[in-house]
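Student: Provided herewith: protein.txt, compact mmCIF, C-alpha atoms.
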# COMPACT_ATOMS: atom_id res chain seq x y z
CA MET T 2 -1.79 -43.35 30.06
CA GLN T 3 -1.90 -41.49 33.37
CA ASN T 4 1.83 -40.75 33.19
CA LYS T 5 1.42 -39.33 29.68
CA ALA T 6 -1.45 -37.13 30.85
CA ASN T 7 0.64 -35.88 33.78
CA ALA T 8 3.56 -35.16 31.45
CA ASN T 9 1.29 -33.18 29.12
CA LEU T 10 -0.10 -31.26 32.08
CA ARG T 11 3.39 -30.36 33.31
CA GLN T 12 4.38 -29.29 29.80
CA TYR T 13 1.29 -27.06 29.57
CA GLU T 14 2.05 -25.54 32.98
CA ARG T 15 5.61 -24.75 31.87
CA TYR T 16 4.18 -23.21 28.70
CA THR T 17 1.81 -20.93 30.62
CA ARG T 18 4.42 -19.97 33.22
CA ARG T 19 6.86 -18.98 30.48
CA LYS T 20 4.26 -16.76 28.79
CA GLN T 21 3.16 -15.24 32.09
CA ALA T 22 6.77 -14.53 33.04
CA ALA T 23 7.31 -12.75 29.71
CA LEU T 24 4.23 -10.58 30.32
CA ILE T 25 5.27 -9.72 33.87
CA LEU T 26 8.79 -8.85 32.72
CA ALA T 27 7.46 -6.65 29.91
CA LEU T 28 5.15 -4.87 32.36
CA LEU T 29 7.98 -4.27 34.85
CA VAL T 30 10.21 -2.88 32.08
CA THR T 31 7.40 -0.56 30.94
CA LEU T 32 6.71 0.73 34.46
CA THR T 33 10.44 1.27 35.03
CA ALA T 34 10.70 3.16 31.74
CA ALA T 35 7.70 5.31 32.76
CA LEU T 36 9.33 6.12 36.10
CA LEU T 37 12.64 7.07 34.48
CA TYR T 38 10.80 9.04 31.78
CA MET T 39 9.21 11.30 34.40
CA GLY T 40 12.68 12.34 35.50
CA ILE T 41 13.49 13.81 32.08
CA GLY T 42 13.00 17.53 31.53
CA SER T 43 14.26 20.97 32.45
CA ILE T 44 14.12 19.78 36.07
CA ARG T 45 15.94 16.46 36.30
CA LEU T 46 14.45 14.18 38.95
CA ARG T 47 15.78 10.98 40.43
CA PRO T 48 13.42 7.98 40.81
CA ALA T 49 13.41 8.47 44.60
CA GLU T 50 12.21 12.07 44.18
CA ILE T 51 9.47 10.97 41.78
CA LEU T 52 8.25 8.27 44.18
CA ARG T 53 8.26 10.81 47.00
CA VAL T 54 5.81 12.93 45.01
CA PHE T 55 3.52 9.92 44.49
CA PHE T 56 3.47 9.28 48.23
CA GLY T 57 2.44 12.83 49.04
CA GLY T 58 5.85 14.44 49.63
CA GLY T 59 8.47 16.24 47.57
CA GLU T 60 9.14 19.87 46.76
CA ALA T 61 6.35 22.03 45.37
CA LYS T 62 8.07 22.50 41.99
CA HIS T 63 8.56 18.75 41.70
CA VAL T 64 4.89 18.11 42.48
CA THR T 65 3.83 20.64 39.84
CA ALA T 66 6.14 19.18 37.19
CA ILE T 67 5.00 15.61 37.82
CA ARG T 68 1.25 16.07 38.28
CA ASN T 69 0.61 18.78 35.70
CA ILE T 70 3.04 17.93 32.91
CA ARG T 71 4.93 14.66 33.07
CA LEU T 72 2.38 12.24 34.53
CA PRO T 73 -0.38 13.15 32.02
CA ARG T 74 2.12 12.86 29.19
CA VAL T 75 3.41 9.42 30.19
CA LEU T 76 -0.13 8.16 30.80
CA ALA T 77 -1.12 9.42 27.35
CA ALA T 78 1.83 7.53 25.83
CA MET T 79 0.87 4.35 27.65
CA LEU T 80 -2.85 4.47 26.83
CA ILE T 81 -2.46 5.49 23.18
CA GLY T 82 0.35 3.00 22.62
CA ALA T 83 -1.66 0.21 24.26
CA ILE T 84 -4.80 0.97 22.21
CA LEU T 85 -2.95 1.09 18.89
CA ALA T 86 -0.87 -2.03 19.59
CA ALA T 87 -3.69 -4.22 20.91
CA SER T 88 -5.89 -3.16 17.99
CA GLY T 89 -3.07 -3.95 15.58
CA ALA T 90 -2.68 -7.46 17.00
CA VAL T 91 -6.39 -8.17 16.55
CA MET T 92 -6.47 -6.65 13.05
CA GLN T 93 -3.57 -8.84 11.96
CA CYS T 94 -5.38 -11.91 13.29
CA VAL T 95 -8.86 -11.38 11.85
CA LEU T 96 -7.54 -10.17 8.49
CA ARG T 97 -4.78 -12.81 8.47
CA ASN T 98 -2.41 -10.16 7.19
CA PRO T 99 0.82 -9.20 9.03
CA LEU T 100 0.66 -5.67 7.60
CA ALA T 101 -2.75 -4.79 9.04
CA SER T 102 -2.86 -1.76 11.34
CA ALA T 103 -4.68 1.55 11.73
CA SER T 104 -2.24 3.18 9.31
CA THR T 105 -2.52 0.61 6.53
CA LEU T 106 -6.33 0.59 6.69
CA GLY T 107 -6.60 4.36 6.25
CA VAL T 108 -7.78 5.17 9.79
CA SER T 109 -4.84 7.46 10.54
CA GLN T 110 -5.07 9.22 7.19
CA GLY T 111 -8.82 9.70 7.62
CA ALA T 112 -8.18 11.24 11.03
CA ALA T 113 -5.54 13.52 9.51
CA PHE T 114 -8.03 14.73 6.91
CA GLY T 115 -10.61 15.36 9.63
CA ALA T 116 -8.08 17.33 11.67
CA ALA T 117 -7.16 19.41 8.63
CA LEU T 118 -10.85 20.09 8.03
CA GLY T 119 -11.35 21.13 11.65
CA ILE T 120 -8.35 23.45 11.59
CA ILE T 121 -8.79 25.04 8.17
CA VAL T 122 -12.57 25.09 7.69
CA PHE T 123 -13.71 25.46 11.30
CA GLY T 124 -10.83 27.67 12.43
CA GLY T 125 -9.11 25.32 14.90
CA GLY T 126 -5.60 26.72 14.40
CA MET T 127 -4.03 29.92 15.64
CA ILE T 128 -0.76 31.67 16.44
CA THR T 129 0.08 32.29 20.08
CA ASN T 130 2.73 34.74 21.21
CA SER T 131 5.01 34.08 24.17
CA ASN T 132 8.05 36.22 25.05
CA SER T 133 8.07 37.76 21.58
CA ASN T 134 8.18 34.30 19.99
CA SER T 135 5.30 33.18 17.76
CA THR T 136 4.28 29.55 17.92
CA VAL T 137 1.55 27.66 16.13
CA SER T 138 -0.94 25.75 18.28
CA ILE T 139 -4.44 24.30 18.21
CA SER T 140 -6.93 26.91 19.43
CA ASN T 141 -9.98 24.63 19.53
CA PRO T 142 -8.76 21.09 20.29
CA TYR T 143 -12.27 19.70 20.77
CA ILE T 144 -13.37 20.61 17.24
CA VAL T 145 -10.15 19.22 15.81
CA THR T 146 -10.38 16.02 17.87
CA LEU T 147 -14.04 15.50 16.98
CA CYS T 148 -13.39 15.95 13.26
CA ALA T 149 -10.36 13.66 13.39
CA PHE T 150 -12.33 10.95 15.18
CA ALA T 151 -15.30 11.31 12.81
CA PHE T 152 -13.27 10.88 9.62
CA GLY T 153 -11.07 8.18 11.12
CA SER T 154 -14.28 6.31 11.90
CA VAL T 155 -15.64 6.98 8.40
CA SER T 156 -12.55 5.38 6.89
CA SER T 157 -12.97 2.26 9.02
CA LEU T 158 -16.70 2.03 8.28
CA VAL T 159 -16.06 2.30 4.54
CA VAL T 160 -13.57 -0.59 4.72
CA ILE T 161 -16.08 -2.69 6.68
CA ALA T 162 -18.87 -1.82 4.22
CA ILE T 163 -16.67 -2.87 1.29
CA SER T 164 -16.01 -6.19 3.02
CA ARG T 165 -19.76 -6.74 3.37
CA LEU T 166 -20.57 -5.83 -0.24
CA LYS T 167 -17.63 -7.67 -1.80
CA ARG T 168 -17.37 -10.84 0.26
CA GLU T 169 -15.05 -12.46 -2.26
CA MET T 170 -12.48 -9.69 -1.78
CA GLY T 171 -10.84 -11.40 1.19
CA PRO T 172 -8.53 -10.00 3.87
CA GLY T 173 -5.84 -8.96 1.40
CA GLY T 174 -8.39 -6.95 -0.54
CA LEU T 175 -9.32 -5.01 2.58
CA ILE T 176 -5.71 -3.88 2.92
CA LEU T 177 -5.80 -2.67 -0.68
CA ALA T 178 -9.09 -0.87 0.01
CA GLY T 179 -7.45 0.78 3.01
CA THR T 180 -4.51 1.85 0.85
CA ALA T 181 -6.89 3.42 -1.66
CA LEU T 182 -8.73 5.28 1.11
CA SER T 183 -5.40 6.48 2.51
CA ALA T 184 -4.50 7.94 -0.87
CA MET T 185 -7.90 9.67 -1.15
CA PHE T 186 -7.71 11.20 2.32
CA SER T 187 -4.09 12.25 1.81
CA GLY T 188 -5.12 13.97 -1.42
CA GLY T 189 -7.99 15.69 0.36
CA SER T 190 -5.65 16.91 3.10
CA THR T 191 -3.25 18.26 0.49
CA LEU T 192 -6.03 20.17 -1.27
CA LEU T 193 -7.21 21.69 2.02
CA GLN T 194 -3.66 22.78 2.84
CA TYR T 195 -3.27 24.29 -0.63
CA PHE T 196 -6.05 26.80 0.10
CA ALA T 197 -5.10 27.40 3.76
CA ASP T 198 -3.38 30.47 5.15
CA ASP T 199 0.00 30.24 6.88
CA THR T 200 -1.51 29.99 10.37
CA SER T 201 -3.87 27.13 9.54
CA LEU T 202 -1.21 25.39 7.47
CA GLY T 203 1.21 25.53 10.39
CA ALA T 204 -1.44 24.15 12.74
CA VAL T 205 -2.17 21.23 10.38
CA VAL T 206 1.51 20.35 10.12
CA PHE T 207 1.83 20.66 13.91
CA TRP T 208 -1.06 18.20 14.42
CA THR T 209 0.12 15.64 11.88
CA PHE T 210 3.59 15.55 13.49
CA GLY T 211 2.08 13.83 16.52
CA ASN T 212 2.10 15.36 19.98
CA LEU T 213 1.30 14.01 23.46
CA GLY T 214 1.60 17.35 25.22
CA ASN T 215 -1.98 18.44 24.46
CA VAL T 216 -3.61 15.44 26.18
CA GLY T 217 -5.11 16.61 29.48
CA TRP T 218 -6.65 14.78 32.41
CA ARG T 219 -10.14 14.91 30.90
CA ASP T 220 -8.84 13.40 27.68
CA LEU T 221 -7.03 10.71 29.66
CA ARG T 222 -10.25 9.64 31.35
CA PHE T 223 -11.89 9.25 27.94
CA LEU T 224 -8.91 7.29 26.59
CA ALA T 225 -8.94 5.06 29.68
CA VAL T 226 -12.60 4.20 29.07
CA ILE T 227 -11.89 3.47 25.40
CA PHE T 228 -8.97 1.23 26.34
CA ALA T 229 -10.96 -0.64 29.00
CA LEU T 230 -13.88 -1.33 26.64
CA CYS T 231 -11.85 -2.45 23.62
CA PHE T 232 -9.42 -4.48 25.76
CA ALA T 233 -12.32 -6.28 27.48
CA PHE T 234 -13.80 -7.11 24.06
CA TYR T 235 -10.47 -8.47 22.81
CA LEU T 236 -9.89 -10.63 25.89
CA TYR T 237 -13.46 -11.92 25.81
CA ASN T 238 -12.81 -13.22 22.27
CA ARG T 239 -9.23 -14.42 22.88
CA TRP T 240 -10.09 -18.09 22.29
CA ASN T 241 -11.99 -17.20 19.13
CA TYR T 242 -8.93 -15.34 17.83
CA ASN T 243 -6.81 -18.42 18.53
CA ALA T 244 -9.25 -20.44 16.44
CA MET T 245 -9.15 -17.88 13.63
CA GLU T 246 -5.35 -17.97 13.66
CA ALA T 247 -5.64 -21.52 12.28
CA GLY T 248 -7.88 -20.34 9.44
CA TYR T 249 -11.48 -19.39 8.86
CA ASP T 250 -12.55 -22.93 8.00
CA THR T 251 -11.00 -24.30 11.18
CA ALA T 252 -12.65 -21.55 13.23
CA LYS T 253 -16.04 -22.32 11.71
CA SER T 254 -15.61 -26.02 12.46
CA LEU T 255 -15.01 -25.06 16.10
CA GLY T 256 -18.26 -23.09 16.23
CA VAL T 257 -16.84 -19.59 15.69
CA ASN T 258 -18.84 -17.23 13.49
CA ALA T 259 -15.70 -16.03 11.74
CA GLU T 260 -17.31 -13.42 9.48
CA ARG T 261 -19.30 -11.82 12.30
CA LEU T 262 -16.27 -11.79 14.59
CA MET T 263 -14.12 -10.20 11.89
CA LEU T 264 -16.62 -7.40 11.31
CA LEU T 265 -17.15 -6.71 15.01
CA SER T 266 -13.42 -6.82 15.72
CA MET T 267 -12.63 -4.50 12.81
CA ALA T 268 -15.26 -2.03 14.03
CA VAL T 269 -13.89 -2.04 17.59
CA CYS T 270 -10.26 -1.87 16.43
CA SER T 271 -10.84 0.93 13.95
CA LEU T 272 -13.00 3.09 16.23
CA SER T 273 -10.64 2.75 19.20
CA ALA T 274 -7.62 3.51 16.98
CA ALA T 275 -9.43 6.52 15.53
CA ALA T 276 -10.08 7.79 19.06
CA ALA T 277 -6.42 7.39 20.01
CA VAL T 278 -5.13 9.07 16.85
CA SER T 279 -7.60 11.96 17.18
CA PHE T 280 -5.98 13.02 20.47
CA ALA T 281 -2.32 12.62 19.56
CA GLY T 282 -2.02 13.05 15.80
CA ILE T 283 -0.41 10.62 13.38
CA ILE T 284 1.71 8.05 15.20
CA SER T 285 2.67 5.25 12.84
CA PHE T 286 4.16 1.78 13.28
CA VAL T 287 3.03 1.18 16.89
CA GLY T 288 0.10 -1.04 15.89
CA LEU T 289 2.24 -2.69 13.23
CA ILE T 290 5.47 -3.65 15.01
CA ALA T 291 4.42 -4.12 18.66
CA PRO T 292 2.44 -7.34 17.96
CA HIS T 293 5.32 -8.73 15.88
CA MET T 294 7.80 -7.96 18.64
CA MET T 295 5.70 -9.71 21.27
CA ARG T 296 5.25 -12.80 19.09
CA PHE T 297 8.94 -13.52 19.63
CA PHE T 298 8.30 -13.77 23.37
CA VAL T 299 4.74 -15.10 23.78
CA GLY T 300 3.97 -16.69 20.42
CA LYS T 301 0.59 -16.47 18.69
CA ASP T 302 -1.60 -17.40 21.67
CA HIS T 303 -3.91 -14.37 21.95
CA ARG T 304 -4.42 -14.92 25.67
CA TYR T 305 -0.90 -13.53 26.00
CA LEU T 306 -0.35 -11.75 22.69
CA ILE T 307 -3.11 -9.16 23.18
CA PRO T 308 -2.01 -7.95 26.65
CA GLY T 309 1.63 -8.33 25.62
CA SER T 310 1.09 -6.14 22.55
CA ALA T 311 -0.64 -3.51 24.69
CA VAL T 312 2.31 -3.41 27.10
CA CYS T 313 4.82 -3.34 24.23
CA GLY T 314 2.94 -0.50 22.50
CA ALA T 315 2.97 1.52 25.72
CA LEU T 316 6.73 0.93 26.08
CA LEU T 317 7.44 1.92 22.48
CA LEU T 318 5.65 5.26 22.83
CA ILE T 319 7.36 5.99 26.15
CA LEU T 320 10.77 5.35 24.58
CA ALA T 321 9.88 7.38 21.47
CA ASP T 322 8.72 10.36 23.53
CA ALA T 323 11.81 10.12 25.74
CA ALA T 324 13.96 10.22 22.60
CA ALA T 325 11.95 13.22 21.36
CA LYS T 326 12.91 15.05 24.56
CA LEU T 327 16.55 14.01 24.71
CA ILE T 328 17.76 14.41 21.12
CA ALA T 329 17.73 18.23 20.92
CA PRO T 330 16.85 19.72 24.34
CA PRO T 331 15.09 21.97 25.21
CA VAL T 332 13.22 21.39 21.91
CA ILE T 333 10.77 18.46 22.00
CA LEU T 334 10.79 16.77 18.62
CA PRO T 335 7.52 15.40 17.12
CA ILE T 336 6.84 11.91 18.42
CA GLY T 337 5.27 10.83 15.13
CA ALA T 338 8.55 11.41 13.28
CA ILE T 339 10.56 9.73 16.04
CA MET T 340 8.25 6.70 16.06
CA SER T 341 8.53 6.36 12.28
CA PHE T 342 12.32 6.70 12.47
CA ILE T 343 12.49 3.97 15.12
CA GLY T 344 9.70 1.79 13.73
CA GLY T 345 10.96 1.57 10.16
CA PRO T 346 14.28 -0.17 10.91
CA VAL T 347 12.68 -2.33 13.62
CA PHE T 348 10.03 -3.52 11.17
CA LEU T 349 12.69 -4.30 8.54
CA ILE T 350 14.59 -6.36 11.13
CA LEU T 351 11.42 -8.24 11.98
CA LEU T 352 10.76 -8.94 8.31
CA PHE T 353 14.26 -10.34 7.78
CA ARG T 354 14.09 -12.49 10.92
CA GLY T 355 10.62 -13.86 10.24
CA ARG T 356 7.18 -13.23 11.69
CA GLY T 357 7.42 -14.27 15.31
CA GLY T 358 6.93 -17.51 17.12
CA ASN T 359 4.71 -20.38 16.20
CA ASP T 360 3.62 -21.66 19.62
Represent the structure from my file as structure tokens, please.
Tutor:
Amino acid sequence: MQNKANANLRQYERYTRRKQAALILALLVTLTAALLYMGIGSIRLRPAEILRVFFGGGEAKHVTAIRNIRLPRVLAAMLIGAILAASGAVMQCVLRNPLASASTLGVSQGAAFGAALGIIVFGGGMITNSNSNSTVSISNPYIVTLCAFAFGSVSSLVVIAISRLKREMGPGGLILAGTALSAMFSGGSTLLQYFADDTSLGAVVFWTFGNLGNVGWRDLRFLAVIFALCFAFYLYNRWNYNAMEAGYDTAKSLGVNAERLMLLSMAVCSLSAAAAVSFAGIISFVGLIAPHMMRFFVGKDHRYLIPGSAVCGALLLILADAAAKLIAPPVILPIGAIMSFIGGPVFLILLFRGRGGND
């Protein structure tokens, strides 16, 4: 009996070491990608030159490029990607639906409607002139961000309210409710754009493309707080999510208040995703495919899946933004389009290969 217990203990230790090694490897790959990403631009920098800036050295132009432009952008990619991916992993667990994410529940579309409202109704868009070239930009980002967050939150709250009123609807019904809300908000955005002038219309399109360049240091501090709070909530409930993975009845038999946990988790996931989307515009597929990708490496154990999804989401956005810079320099393509272009085929591959590990 003792030998069997020791064998089980050794097997469990191998299991945990394998998962931990996968997380460490994913984190190292992400940090390496972030370092290489900061070398991309009009001024090409080697990793040694970037590290020199971090340690207080380097040329003045290198310091300016890193601290004022590239470091905020890569941190925005990492934080927004981590928030969307970790939230997607939790949504897929509590709803028991592999297609659950901020996009499929209408959060992104609600944020897009709010942004369009802020730009068109409250005058958040303008044309700026630089070297005789006219470009469309967001003149009042705080109004636009606030409106985007408000309506992204409204969409999530409506879905949660429907789940409370129609308890027999089930997780699959919530996805359908999210699809209906997405259609409503998309129609509302289209109507607003129909009555908008060219300047406001251009600003709406610019926002919905997705852009990390407008995220400043103050915004990063807010996103860091959002990430810390939602990530702490997810990790605190990691064992409960493992119980729910086996089914609501099993979770209840283990003492988990499954309905209460689902509602709380959906609220945290939706609000954090709405905050992320409100700063960067529509960025699809991150919350959908990152959890599926990590399941191939760490399985369904949420002790490892949640942090693994966060790391994978950060890596995906770094790679997408790097591609946006490299495809047609010096033009920076919209990251939302790049992420959709990358995410679509990846998601199809995942569907054909199956939905991740089972351990």
Student: Need the shell around Arg71 of chain T: protein/DNA/RNA residues with any atom at most 10 Å away, counting only C-alpha atoms. Skip same-chain ones fewer than 2 positions apart. Format as a VMD selection string?
Tutor: chain T and resid 35 38 to 42 65 to 69 73 to 77 214
Student: Find the residue from T:Ala197, T:Met263, T:Ala252, T:Leu236 that sits nearest to Ser164 of chain T; use all atoms listed in the file when measuring.
Tutor: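 Checking each of T:Ala197, T:Met263, T:Ala252, T:Leu236 against Ser164 of chain T, counting all atoms listed in the file, the winner is T:Met263.
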Student: Near Cys270 of chain T, counting all atoms listed in the file, which residues have an atom at most 8 Å away, once you skip same-chain residues fewer than 5 positions from it, shown as a list in words?
Tutor: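 Here the qualifying residues turn out to be Ser88, Gly89, Val91, Met92 and Cys231 of chain T.
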Student: I'd like the interatomic distance between atom CA of Phe114 of chain T and atom CA of Phe223 of chain T, to a tenth of an Å.
Tutor: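 Here the two named atoms are 22.1 Å from each other.
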Student: Select from segment 138-247 of chain T every residue with an atom at most 12 Å from any atom of segment 340-346 of chain T, then for each give the shortest pair of atoms and their distance in Å to one decimal, using all atoms listed in the file, rows by chain and rising number, as JSON lines.
Tutor:
{"residue": "T:Phe210", "atom": "CA", "partner": "T:Met340", "partner_atom": "CA", "distance": 10.3}
{"residue": "T:Gly211", "atom": "CA", "partner": "T:Met340", "partner_atom": "CA", "distance": 9.4}
{"residue": "T:Asn212", "atom": "CA", "partner": "T:Met340", "partner_atom": "CA", "distance": 11.3}
